[in-house]
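Colleague: Encoded as C-alpha cells, here's the structure I'll be asking about.
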Amino acid sequence: MLKWYIGSRFSKVNLPFSFMDIQLQITTLRNELHQHNYNYYVLDHPTISDLEFDQKLKQLQQLEEQHPEFFDENSPSQRVGGMITKNFETVTHDHRMYSLDNSYSREDLTDWEARIKRALGDVAVEYTCELKFDGASISLTYENGKLLRAVTRGDGFRGDNVTANVKTIRSVPLQLKGDYPSKFDIRGEIILPFEGFERMNRDLIEIGETPYSNPRNTASGSLKLQDSGEVARRPLDCLLYSIIGNNLPFDTQFDGLQSARNWGFKIPTEATLAQNITEVFDFIDYWDTHRHNLPYETDGVVIKVNNLHYQDELGYTAKSPRWAMAYKFKSEQVSTRLNSISYQVGRTGAVTPVANLEPVLLAGTIVKRASLHNADQIEKLDIRIHDEVFVEKGGEIIPKIIAVDLSKRPADSVPVAYISTCPECQSELVRNIGEAQHYCPNFYGCPPQIIGRIQHYISRKAMDIEGLGGETVALLYNNGMVSNYADLYELTVEQIIPLERMARKSAENLINGIEQSKQVPFERVLFALGIRYVGETVAKKLAKHYKNIDALSQASLADLITVDEIGERIAGSVLEFFGNQQNMAAIERLRGFGVQLEILQTVNPDATDKLAGKSFVVSGVFEKFSRDELKKAIEDNGGKVAGSISSKTDYVVAGENMGPAKLEKALKLNISVISEQEFVRLLEIEG
C-alpha cells in the first residue's frame, strides 16, 4: 500500500492510488470532517485533537484549491467564511413561521389544556416539554441531505437569506446522515452561549471597545453581518426544535426530535415527554430553578401537543398554533425613578402615555422608557411624577411599570392629570364608550397620524418599499413632499436628492422601490391602506372574498359580516373608511399609478366551479392526498375551506384520527361527513 503525502506539515493518509482518485480523496476527507464537527459541536465528545482537525482541514482546502472542479458549497472548508453579502435576499418561507402564545401562570396553561380537550374530545393527550431559548429564530431547509438555505424568521411569511453566515456555525450540519426525508425545513434558535459571550466582551474591553449588551442581541446581529468571516469568528451555536415538511417519517413531536438527532442536528437533551399537565408543571418547576445552571439563556418552557395528527386537528389562529404554548418564567424586576410622562400619537390616533425613567439596567439592556398603556392603568397604579417604580420586561421584551414603591413617595406628590388635548395638533381628545384608549380625532390633519399611515403603507408586511424607511417618510412629510401614501408615486429623484443624508444612488433606489411596489398583490395593498382593525389575515379574507377594491368599497354591513371571521366592528370600520371621500380620492390616485387593486387570477386549466357556494372542513389524516392538496382541490373547484365547523359548513372531509369533538359537532349540526373517496366522487358528480 502506497503512502501519500501533501507537504511536511500534513499528516499521513494511507490512500491506495489503485482504488482512490482525487474526487474520492476529497469526499473521504469531507465525510471525516463532518463527523468530527458533529462529535465536537453536537455530541461534545471530540475524538481527535484540534491540531489533527486543523491539519485535515488544511489538507482538504489544498486539494479543493488544486481541483476546483470538485467544489461543493457544503464542504467543511466553507465554514471558515469569507463571503461578503451587501444585501440579504428576501425569501418567502415555504411554511409560515408562527409566533407562540405566551402564558405566565398555571391557570393560563390549565385553560389552554381545557381548550385542547374541548377541541379534540375524549382522547388522551401527551405533551412535549422543551426549554425556550433566547436567541434568533432560524429556518433551515435541507434537500437531499444538504443544507439548501438558512432564512431568518422576518415577519413569519418572509425572512432574510443568511445561508453564508449560518454555514459558519459548526453545530449546523452541512451534510445529514441516516434516513432523512428528501426535503424539509427545521426550525430553531441561533444562540450565543454565556462563555463565548463573555470571551467576546473580554476581548473588546482589552482593546478599549464597548462590550456587547446581551447574548441574544449579539447573536441576532451576527446573522446580518456582511462578512461571513467575521461571523465564523463568533462562537455561535444552533439549537433545533421543530421539523416541517410533507410525509415525515414520525407521528409525534418527541419522535421528531429523536429523528433530527439521528440525522446530525443539535437537539437539546432537556426535552421531556409529559403524560399530563401535572408532569408539565413538574418540568416547569424544575427548570425555573435549574435554568441558571445552563450554558445559555432560556426564558421559559414551550409545551406542545405531542401527537402531530392532533396538532393538525387543532390548527392555528391568525398568529399562533393552537397546539403549543410558551410558559414564561417570572420576569426580572428593578426599581427606578419616574422622571416624567410623555404622550405618543399612533397612526390610528390612539394616544399612549409613556413613562420616562431614570436609566436602569434590566435583563441585559438599559431601560429609559416604559409603556403606561392608558389613563386607566395610570389611575390603577396611582403612579405619580418622581415616584420610585418597579419595572419589568413584559414577556422579556417590552418594559412595563408594575407597581409603585409608596414608602419612597415624595410628600408633595400629586395624582397625574391625563391630557385632554392632542400633544401634536392640540385637538380635543375623545374616548369612546367601552374603550380604554383616548384618541385624537384629527385623522387627516395630525402629523404623527399622517406619517404613521405612510410608514405603515411602506412597511415590510405591507408594500415593502425598499430604500424607504420610517425616518425618510418623516423627512418627506416635514419637507412638504408627501401628505398621504398616494403622493409617494409622484416623487422624483431630483426632488429627493437635496434631503439630508440622501445621495443620488439612494434616491434612485428609493424611486425604484416605489415603482416595484406596484407589483405587490391586492391583499397586501388592502392591508397597507391602514383600515382600522384590518390586519394581514382580515385583509386576505376580504381580498379573497371580494376580488377587487370596487366590490369591497360597495359592500353593505349585512354583506360584510357574512365573510368568514368578519364581525360588526371590522365591518363598521371598513364602511367608515370607504365612506370617506379623502380615502376614495387616494385610492383613485393609486389606481392611476398602477397599484394592484384586484386579485390577479392565476389560470388553472383544471379549475372548475363545481363546488361554488359550498363550505368544507378538512380533518384527519388521508391516504391519497395531503390535507393541503385536499384544500387546494376544494378551492380550485370554487369551494371554500373553513378552519372550524359551524352551521355554515356543508361538508366535513374526514380522514383517520379525526378528532371526536369535531365529529360530534358535525353530527349534531347534521353536516355531511364524507371520506376522501367520497370527496373525489363528489367532484365527479357535481356540475
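The way I read the labels, and the way they are meant: chains A, B, ... in the order of the C-alpha cells, residue 1 as the first residue of every chain, and ligand 1 as the first ligand shown, with later ones counted on from there.
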So that I can check the secondary structure, give me every residue of segment 559-649 of chain A assigned alpha helix (DSSP H) by backbone DSSP, as JSON, numbers by chain.

Modeller: {"A": [559, 560, 568, 569, 570, 571, 572, 573, 574, 575, 576, 577, 578, 581, 582, 583, 584, 585, 586, 587, 588, 589, 590, 591, 592, 593, 627, 628, 629, 630, 631, 632, 633, 634, 635, 636]}

Colleague: Residues near Asp464 of chain A, anyone? I mean within 10 Å using only C-alpha atoms, not counting same-chain ones fewer than 2 positions away, as a count of residues only.

Modeller: 18

Colleague: From the list A:Pro211, A:Lys328, A:Ala164, A:Asp564, which residue is nearest Glu73 of chain A when using only C-alpha atoms?

Modeller: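 Of A:Pro211, A:Lys328, A:Ala164, A:Asp564, the one nearest Glu73 of chain A is A:Ala164, counting only C-alpha atoms.
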
Colleague: If you count only C-alpha atoms, which residues fall within 12 Å of Asn356 of chain A, apart from same-chain ones fewer than 3 positions away, as a CSV table (one decimal) with N, CA, C and O atoms, in the first residue's frame?

Modeller:
```
chain,number,residue,atom,x,y,z
A,336,THR,N,-36.6,52.1,39.8
A,336,THR,CA,-36.0,53.3,39.3
A,336,THR,C,-37.0,54.4,39.5
A,336,THR,O,-38.1,54.2,39.8
A,337,ARG,N,-36.6,55.6,39.1
A,337,ARG,CA,-37.4,56.8,39.4
A,337,ARG,C,-38.1,57.2,38.1
A,337,ARG,O,-37.6,57.2,37.0
A,338,LEU,N,-39.4,57.6,38.2
A,338,LEU,CA,-40.2,58.1,37.1
A,338,LEU,C,-40.0,59.6,37.0
A,338,LEU,O,-40.3,60.4,37.9
A,339,ASN,N,-39.3,60.0,35.9
A,339,ASN,CA,-39.0,61.5,35.8
A,339,ASN,C,-40.1,62.3,35.2
A,339,ASN,O,-40.3,63.4,35.6
A,340,SER,N,-40.8,61.7,34.2
A,340,SER,CA,-41.9,62.4,33.6
A,340,SER,C,-42.8,61.5,32.8
A,340,SER,O,-42.4,60.3,32.6
A,341,ILE,N,-43.9,62.0,32.2
A,341,ILE,CA,-44.7,61.2,31.4
A,341,ILE,C,-45.0,62.0,30.1
A,341,ILE,O,-45.3,63.2,30.1
A,342,SER,N,-44.7,61.3,29.0
A,342,SER,CA,-45.0,62.0,27.7
A,342,SER,C,-46.1,61.2,27.0
A,342,SER,O,-46.4,60.1,27.4
A,343,TYR,N,-46.6,61.7,25.9
A,343,TYR,CA,-47.7,61.1,25.2
A,343,TYR,C,-47.4,60.9,23.7
A,343,TYR,O,-47.0,61.9,23.0
A,353,PRO,N,-49.6,56.9,26.8
A,353,PRO,CA,-48.7,57.5,27.7
A,353,PRO,C,-47.4,56.7,27.9
A,353,PRO,O,-47.5,55.5,27.9
A,359,PRO,N,-32.5,56.0,33.7
A,359,PRO,CA,-31.9,54.8,33.1
A,359,PRO,C,-31.5,53.8,34.1
A,359,PRO,O,-30.9,54.1,35.1
A,360,VAL,N,-31.9,52.5,33.8
A,360,VAL,CA,-31.6,51.4,34.7
A,360,VAL,C,-31.3,50.1,33.8
A,360,VAL,O,-31.9,50.0,32.8
A,367,VAL,N,-32.8,50.5,30.2
A,367,VAL,CA,-34.2,50.9,30.0
A,367,VAL,C,-34.3,52.3,30.4
A,367,VAL,O,-34.0,52.7,31.5
A,368,LYS,N,-34.9,53.1,29.5
A,368,LYS,CA,-35.1,54.5,29.8
A,368,LYS,C,-36.6,54.9,29.7
A,368,LYS,O,-37.0,55.9,30.2
A,369,ARG,N,-37.4,54.0,29.0
A,369,ARG,CA,-38.8,54.3,28.9
A,369,ARG,C,-39.7,53.1,29.1
A,369,ARG,O,-39.2,52.0,28.9
A,370,ALA,N,-40.9,53.2,29.4
A,370,ALA,CA,-41.8,52.1,29.6
A,370,ALA,C,-43.2,52.6,29.3
A,370,ALA,O,-43.6,53.7,29.5
A,371,SER,N,-44.0,51.7,28.7
A,371,SER,CA,-45.4,52.0,28.4
A,371,SER,C,-46.3,52.0,29.6
A,371,SER,O,-46.1,51.2,30.5
A,372,LEU,N,-47.2,53.0,29.7
A,372,LEU,CA,-48.2,53.1,30.7
A,372,LEU,C,-49.6,52.7,30.2
A,372,LEU,O,-50.6,52.8,30.9
A,384,ARG,N,-47.3,58.5,40.1
A,384,ARG,CA,-47.1,60.0,40.1
A,384,ARG,C,-45.6,60.3,39.7
A,384,ARG,O,-44.7,59.5,39.9
A,385,ILE,N,-45.5,61.5,39.2
A,385,ILE,CA,-44.1,62.0,38.8
A,385,ILE,C,-43.2,62.0,40.0
A,385,ILE,O,-43.6,62.3,41.2
A,386,HIS,N,-42.0,61.5,39.8
A,386,HIS,CA,-40.9,61.3,40.8
A,386,HIS,C,-41.1,60.1,41.8
A,386,HIS,O,-40.4,60.0,42.7
A,387,ASP,N,-42.1,59.3,41.5
A,387,ASP,CA,-42.3,58.0,42.2
A,387,ASP,C,-41.1,57.1,41.9
A,387,ASP,O,-40.5,57.1,40.8
A,389,VAL,N,-40.5,53.5,41.0
A,389,VAL,CA,-41.4,52.5,40.4
A,389,VAL,C,-40.6,51.2,40.2
A,389,VAL,O,-39.4,51.1,40.0
A,391,VAL,N,-40.1,48.1,37.6
A,391,VAL,CA,-40.2,47.9,36.2
A,391,VAL,C,-39.8,46.4,35.9
A,391,VAL,O,-38.8,45.9,36.4
A,399,PRO,N,-40.6,46.8,28.3
A,399,PRO,CA,-40.6,47.2,29.7
A,399,PRO,C,-42.0,47.7,30.1
A,399,PRO,O,-42.6,48.4,29.3
A,400,LYS,N,-42.4,47.4,31.3
A,400,LYS,CA,-43.6,48.0,31.8
A,400,LYS,C,-43.5,48.2,33.3
A,400,LYS,O,-42.7,47.5,34.0
A,401,ILE,N,-44.2,49.2,33.8
A,401,ILE,CA,-44.3,49.5,35.2
A,401,ILE,C,-45.3,48.7,35.9
A,401,ILE,O,-46.5,48.6,35.4
```

Colleague: Excluding Ser619 of chain A and residues on its chain fewer than 2 positions from it, collect all residues at most 7 Å away from it, counting only C-alpha atoms, and give them as a PyMOL selection string.

Modeller: chain A and resi 313+617+653-655+658

Colleague: Work out how far apart atom CA of Asn637 of chain A and atom CA of Phe522 of chain A are and give it in Å to one decimal.

Modeller: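 Straight-line distance from atom CA of Asn637 of chain A to atom CA of Phe522 of chain A works out to 21.7 Å.
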
Colleague: Give me the residues of segment 477-588 of chain A that have any atom at most 9 Å from an atom of segment 347-350 of chain A; for each, the nearest atom pair and the distance in Å, rounded to one decimal. Use only C-alpha atoms, sort by chain and number, and format it as a tab-separated table.

Modeller:
```
residue	atom	partner	partner_atom	distance
A:Gly530	CA	A:Thr348	CA	8.3
A:Ile531	CA	A:Thr348	CA	8.9
A:Arg532	CA	A:Thr348	CA	7.1
```

Colleague: Restricting the output to N, CA, C and O atoms, write the selected residues as an mmCIF file, in the first residue's frame.

Modeller:
```cif
data_model
loop_
_atom_site.group_PDB
_atom_site.id
_atom_site.type_symbol
_atom_site.label_atom_id
_atom_site.label_comp_id
_atom_site.auth_asym_id
_atom_site.auth_seq_id
_atom_site.Cartn_x
_atom_site.Cartn_y
_atom_site.Cartn_z
ATOM 1 N N GLY A 530 -54.325 50.690 5.701
ATOM 2 C CA GLY A 530 -54.418 51.108 7.100
ATOM 3 C C GLY A 530 -55.828 51.222 7.626
ATOM 4 O O GLY A 530 -56.098 52.044 8.506
ATOM 5 N N ILE A 531 -56.749 50.406 7.117
ATOM 6 C CA ILE A 531 -58.120 50.409 7.634
ATOM 7 C C ILE A 531 -58.087 49.861 9.059
ATOM 8 O O ILE A 531 -57.530 48.799 9.308
ATOM 9 N N ARG A 532 -58.693 50.561 9.969
ATOM 10 C CA ARG A 532 -58.652 50.155 11.368
ATOM 11 C C ARG A 532 -59.247 48.756 11.543
ATOM 12 O O ARG A 532 -60.290 48.436 10.975
#
```
